[in-house]
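Quick notes on the structure that follows.
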2 protein chains.
Amino acid sequence: MSRYYTFNAADAVEYARQFGGVDDPLSLITADEIGDGNLNLVFKIRDTQGISRVIVKQALPYVRCVGESWPLTIDRSRIEAETLIVHYEHCPQHTARVIHHDPELAVMVQEDLSDYEIWRGELVKGKYYPQAASQLGEYLAQSLFHTSDLYQNAEHKKSEVGRFLNPELCLITEDLFFTDPYIEHERNCYDAALQPTVDELRADISLRIAVGDLKQRFLSNAEALLHGDVHSGSIFVAEGRLKVIDAEFGFYGPIGFDPGSAMGNLLLNYCGLPGLVATREAADGREQRLQDLRDLWLSFSERFLQLARDKTQDLAFKIPGYAEHYLKHIWHDAVGYCGSELIRRTIGFSNVADLKNIADQEMRHECQRHALSLGQWLIITAPQIDDIEGLIARIRQNG
Amino acid sequence: MSRYYTFNAADAVEYARQFGGVDDPLSLITADEIGDGNLNLVFKIRDTQGISRVIVKQALPYVRCVGESWPLTIDRSRIEAETLIVHYEHCPQHTARVIHHDPELAVMVQEDLSDYEIWRGELVKGKYYPQAASQLGEYLAQSLFHTSDLYQNAEHKKSEVGRFLNPELCLITEDLFFTDPYIEHERNCYDAALQPTVDELRADISLRIAVGDLKQRFLSNAEALLHGDVHSGSIFVAEGRLKVIDAEFGFYGPIGFDPGSAMGNLLLNYCGLPGLVATREAADGREQRLQDLRDLWLSFSERFLQLARDKTQDLAFKIPGYAEHYLKHIWHDAVGYCGSELIRRTIGFSNVADLKNIADQEMRHECQRHALSLGQWLIITAPQIDDIEGLIARIRQNG
């Protein structure tokens, strides 16, 4: 019989006192539930001075959405904690620290990040964190390299693949990224005015074949332990600092998926900016996003190559030029996954504030069409885009 | 505590009586051990008339080789039986039937195949089985399609990936195929006269990078439940019939590996024939091997596409042209793996009779050099070889 029960505020405080690792546990006295309550309970545990000290997060056995309840495994709490723990081992400076977790209660205690802001919110407001993109690149390089074939012993990796199969959450990505946006589906969400554009997209057979490929590689290519949901809403930023949270989609997948998702979120903001802020500000913001895109890829790829030079032991992968060759494969995958993120965030189930928040209807549709055409182009031409400069030049050309 | 103990002949008879599924169990009276005794005990269980009725196969907890003992998991017996059972479900006509198996005793009872011959032996003798190649293609298409993303539900596939991780036997392939032949290693085995050719091969950086890629995809790409060791020694043939055995290397890997290994074995024979049989016979035999190569690929690819047309449900993969596109990827992988089989069987740990049995030393070396240069060319040019006719034309050109 499972020990699982749903926490209330008092349970959360008690749990934090027991497992929060604070020196003065009895000073923890209140818990504010700050989650959206759709998937998880998230409690901020405060002390007698009202200061938030740790986070207690519990997975609910269902998703509440569109008025219905959709059962969802609480094993995602174990996956989240174990993914963060592995990534923290390789990149403590940019991974949320898990203090304690209990798979049966589907609960974990995580470091408090109250002095950070969610990156998406800041991007939507036009606030620039010039170090964030390269810090995210560092996180991606450290977490992905150290769990890839270039570093991990094959036998250990295979057992890790088994530990992180995560079928239920992978299925969500498989459907929402690669299937739903390209068919009629009740989970899709876009204004009727976009229908002609959406119809065109769906009729593009070369796009559909390329998306099929992205899905097939997502299903089969267990290259490294991905975060699996790197979007600007699962990244906390502060002046000169960055922390990644929310790793319940963690699994062994194609490396390019993580940087590709991150790039997609930068470009969603790029597409939305003209509708979000004043014209002059938007132009500056777009330049910053392109700089972010460059910083993200360069910090990721340079660190990845340096780690390969310093740490790869497998003689089949120590060949001069092999790591660069492998990185090329990651790049092409990343460009494709970036494109699929643009499309699914514009017309699929999970819209983003970067586009949805544009009040002016015509401007919103214009920005959304831009995101769709950019996504389509990226997916189809991914194998021909050689490097980050080529990508940026082409984005500029298309406005 | 494990129930494992090593069978003797009497144990094998007793086991066959209990689990052999024969109508008259008490008629089973003798057991001949026919295995090479290096990895497994293989008993032919005979009845009172001396007729072989079933096979009892038990895995030993070690490999005896080069005078030493090398511990090896007996879990390979479970993997072998469970792989054959899955493949039998999809292709009973060409998969050895498992009648019973016991993972703890590492034993299985398998249908008797005494009226078949091992294909490699027949190929070495120059005996032609005109249907064998297309039957093997049928087996590969059925077993690989039905366990691939194009057919299997993603959640079920993930649990199957976990059931067939098979780290210890995969490691053997990872080392023997993709690492050892390209470095100095005591497991390699070739005549000193080949050293200059081997040195050249090892100095070819573009070859080494391409081999690194093949290894990386072998490590990561869990595309379907492979047999994992499709060579002409694990295939039984008879007039108009073919059965595949020995699936202990079964795991979820890149689909191209299985047809590629099979193609490699046909080409090893192609390379060896001038040293194995008389000149006139050799020319005929080579034409037959090229015909086998064509039959193998065409029967595999045509059946794979037909199954995709009839059975693929996933809307992301039902796009017109997707299956053809995916098959292209399998083809390029297969050509690369075919090349790596040629090289590792010529200079690695597991030499093949098709080359080793050539008595005349100079002729042997010539055939071996041919196998090496063909393997090298296949691996490097795999992405540029468009189809089976292009491959065959080029093989003819190079003699």
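All residue names refer to the structure tokens as shown: chains lettered A, B, ... in order, residues numbered from 1 in each chain, ligands numbered from 1 in order.
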Item to check | Residues of chain A within 8 Å of chain B, only C-alpha atoms counted, as a VMD selection string | outcome: chain A and resid 149 154 to 155 158 to 159 161 to 162 165 167 to 168 171 178 to 179 205 208 to 209 211 to 213 215 to 216 219 to 223 315 to 317 319 to 322 325 to 326
Item to check | All helix (DSSP H, G or I) residues (DSSP, backbone) inside range 76-307 of chain A, as a PyMOL selection string | outcome: chain A and resi 76-90+92-94+119-125+132-146+154-163+167-178+180-182+192-203+205-220+232-234+257-276+279-307
Non-local contacts of Leu290 in chain B (8 Å; only C-alpha atoms; under 4 positions in same chain excluded) as a short mmCIF file (atom, residue, chain, number, x, y, z; two decimals) with all heavy atoms, in the first residue's frame:
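Listing of selection-v1.cif after writing:
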```
data_model
loop_
_atom_site.label_atom_id
_atom_site.label_comp_id
_atom_site.auth_asym_id
_atom_site.auth_seq_id
_atom_site.Cartn_x
_atom_site.Cartn_y
_atom_site.Cartn_z
N TYR B 270 31.92 -13.28 -50.60
CA TYR B 270 32.27 -12.76 -51.94
C TYR B 270 33.79 -12.55 -52.04
O TYR B 270 34.42 -12.96 -53.02
CB TYR B 270 31.51 -11.44 -52.15
CG TYR B 270 31.85 -10.72 -53.43
CD1 TYR B 270 31.13 -10.97 -54.60
CD2 TYR B 270 32.85 -9.76 -53.46
CE1 TYR B 270 31.42 -10.29 -55.77
CE2 TYR B 270 33.16 -9.07 -54.63
CZ TYR B 270 32.44 -9.34 -55.78
OH TYR B 270 32.74 -8.68 -56.94
N ARG B 286 30.43 -15.66 -56.88
CA ARG B 286 30.39 -14.22 -56.63
C ARG B 286 29.13 -13.59 -57.20
O ARG B 286 28.52 -12.73 -56.58
CB ARG B 286 31.63 -13.57 -57.26
CG ARG B 286 32.87 -13.82 -56.43
CD ARG B 286 34.02 -13.01 -56.96
NE ARG B 286 34.84 -12.61 -55.84
CZ ARG B 286 35.81 -11.70 -55.90
NH1 ARG B 286 36.05 -11.07 -57.02
NH2 ARG B 286 36.51 -11.40 -54.84
N ARG B 294 21.33 -8.36 -53.36
CA ARG B 294 20.17 -7.67 -53.92
C ARG B 294 18.87 -8.26 -53.35
O ARG B 294 17.99 -7.53 -52.91
CB ARG B 294 20.19 -7.81 -55.45
CG ARG B 294 19.02 -7.13 -56.15
CD ARG B 294 19.04 -7.39 -57.65
NE ARG B 294 20.09 -6.66 -58.33
CZ ARG B 294 21.13 -7.21 -58.95
NH1 ARG B 294 21.26 -8.53 -58.98
NH2 ARG B 294 22.02 -6.47 -59.56
N ILE B 392 26.06 -2.47 -55.73
CA ILE B 392 26.51 -3.64 -56.48
C ILE B 392 27.40 -3.23 -57.66
O ILE B 392 28.45 -3.85 -57.90
CB ILE B 392 25.30 -4.50 -56.94
CG1 ILE B 392 24.68 -5.18 -55.71
CG2 ILE B 392 25.70 -5.52 -57.99
CD1 ILE B 392 23.38 -5.91 -55.96
#
```
Next on the checklist: What's around Phe43 in chain B at 10 Å? Count only C-alpha atoms, leave out sequence neighbours fewer than 6 positions away in its own chain, and write the answer as a list in words.
Outcome noted: Phe7, Asn8, Ala9, Ala12, Val13, Ala16, Thr30, Ala31, Asp32, Glu33, Ile34, Gly35, Ser52, Val54, Ile55, Val56, Lys57, Gln58 and Val109 of chain B
Next on the checklist: Give me, as an MDAnalysis selection string, the residues of range 110-170 of chain B that a backbone DSSP run labels strand (DSSP E or B).
Outcome noted: chainID B and resid 110:111 117:118
Checklist entry - Between B:Gly275, B:Pro383, B:Gly21, B:Pro181, which one has atoms that come closest to Thr346 in chain B, using only C-alpha atoms? => result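 Distance minimum relative to Thr346 in chain B lands on B:Pro181.
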Next on the checklist: Just want the 8 Å neighbourhood of Tyr337 in chain A, counted on only C-alpha atoms, with same-chain residues fewer than 5 positions away dropped. Output as a PyMOL selection string.
Outcome noted: chain A and resi 214+256-257+260-261+264+379
Could you save those same residues with N, CA, C and O atoms as a tab-separated table (two decimals), in the first residue's frame?
```tsv
chain	number	residue	atom	x	y	z
A	214	LEU	N	11.96	14.07	-36.64
A	214	LEU	CA	12.24	14.62	-35.30
A	214	LEU	C	11.56	13.77	-34.24
A	214	LEU	O	12.14	13.48	-33.19
A	256	GLY	N	20.24	17.23	-29.10
A	256	GLY	CA	19.79	18.48	-29.71
A	256	GLY	C	18.44	18.99	-29.21
A	256	GLY	O	18.13	20.17	-29.36
A	257	PHE	N	17.65	18.11	-28.61
A	257	PHE	CA	16.33	18.54	-28.16
A	257	PHE	C	16.39	19.63	-27.11
A	257	PHE	O	15.61	20.59	-27.15
A	260	GLY	N	17.80	22.92	-28.56
A	260	GLY	CA	16.81	23.32	-29.56
A	260	GLY	C	15.58	23.94	-28.92
A	260	GLY	O	15.09	24.98	-29.37
A	261	SER	N	15.08	23.33	-27.84
A	261	SER	CA	13.93	23.91	-27.14
A	261	SER	C	14.27	25.29	-26.60
A	261	SER	O	13.47	26.22	-26.68
A	264	GLY	N	14.35	27.75	-29.35
A	264	GLY	CA	12.98	28.02	-29.77
A	264	GLY	C	12.31	29.07	-28.88
A	264	GLY	O	11.60	29.95	-29.35
A	379	ILE	N	12.73	23.81	-39.59
A	379	ILE	CA	12.58	22.35	-39.64
A	379	ILE	C	13.02	21.81	-41.00
A	379	ILE	O	13.76	20.83	-41.09
```
Next on the checklist: Could you list, as a PyMOL selection string, every residue within 12 Å of Gln306 in chain A, counting only C-alpha atoms and ignoring same-chain residues fewer than 3 positions away?
Outcome noted: chain A and resi 138+141-142+145+150+298-303+309-312+323-324+327
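Nearest to Ile51 in chain B of all the residues B:Val22, B:Leu28, B:Leu39, B:Leu372 is B:Leu28, counting only C-alpha atoms.
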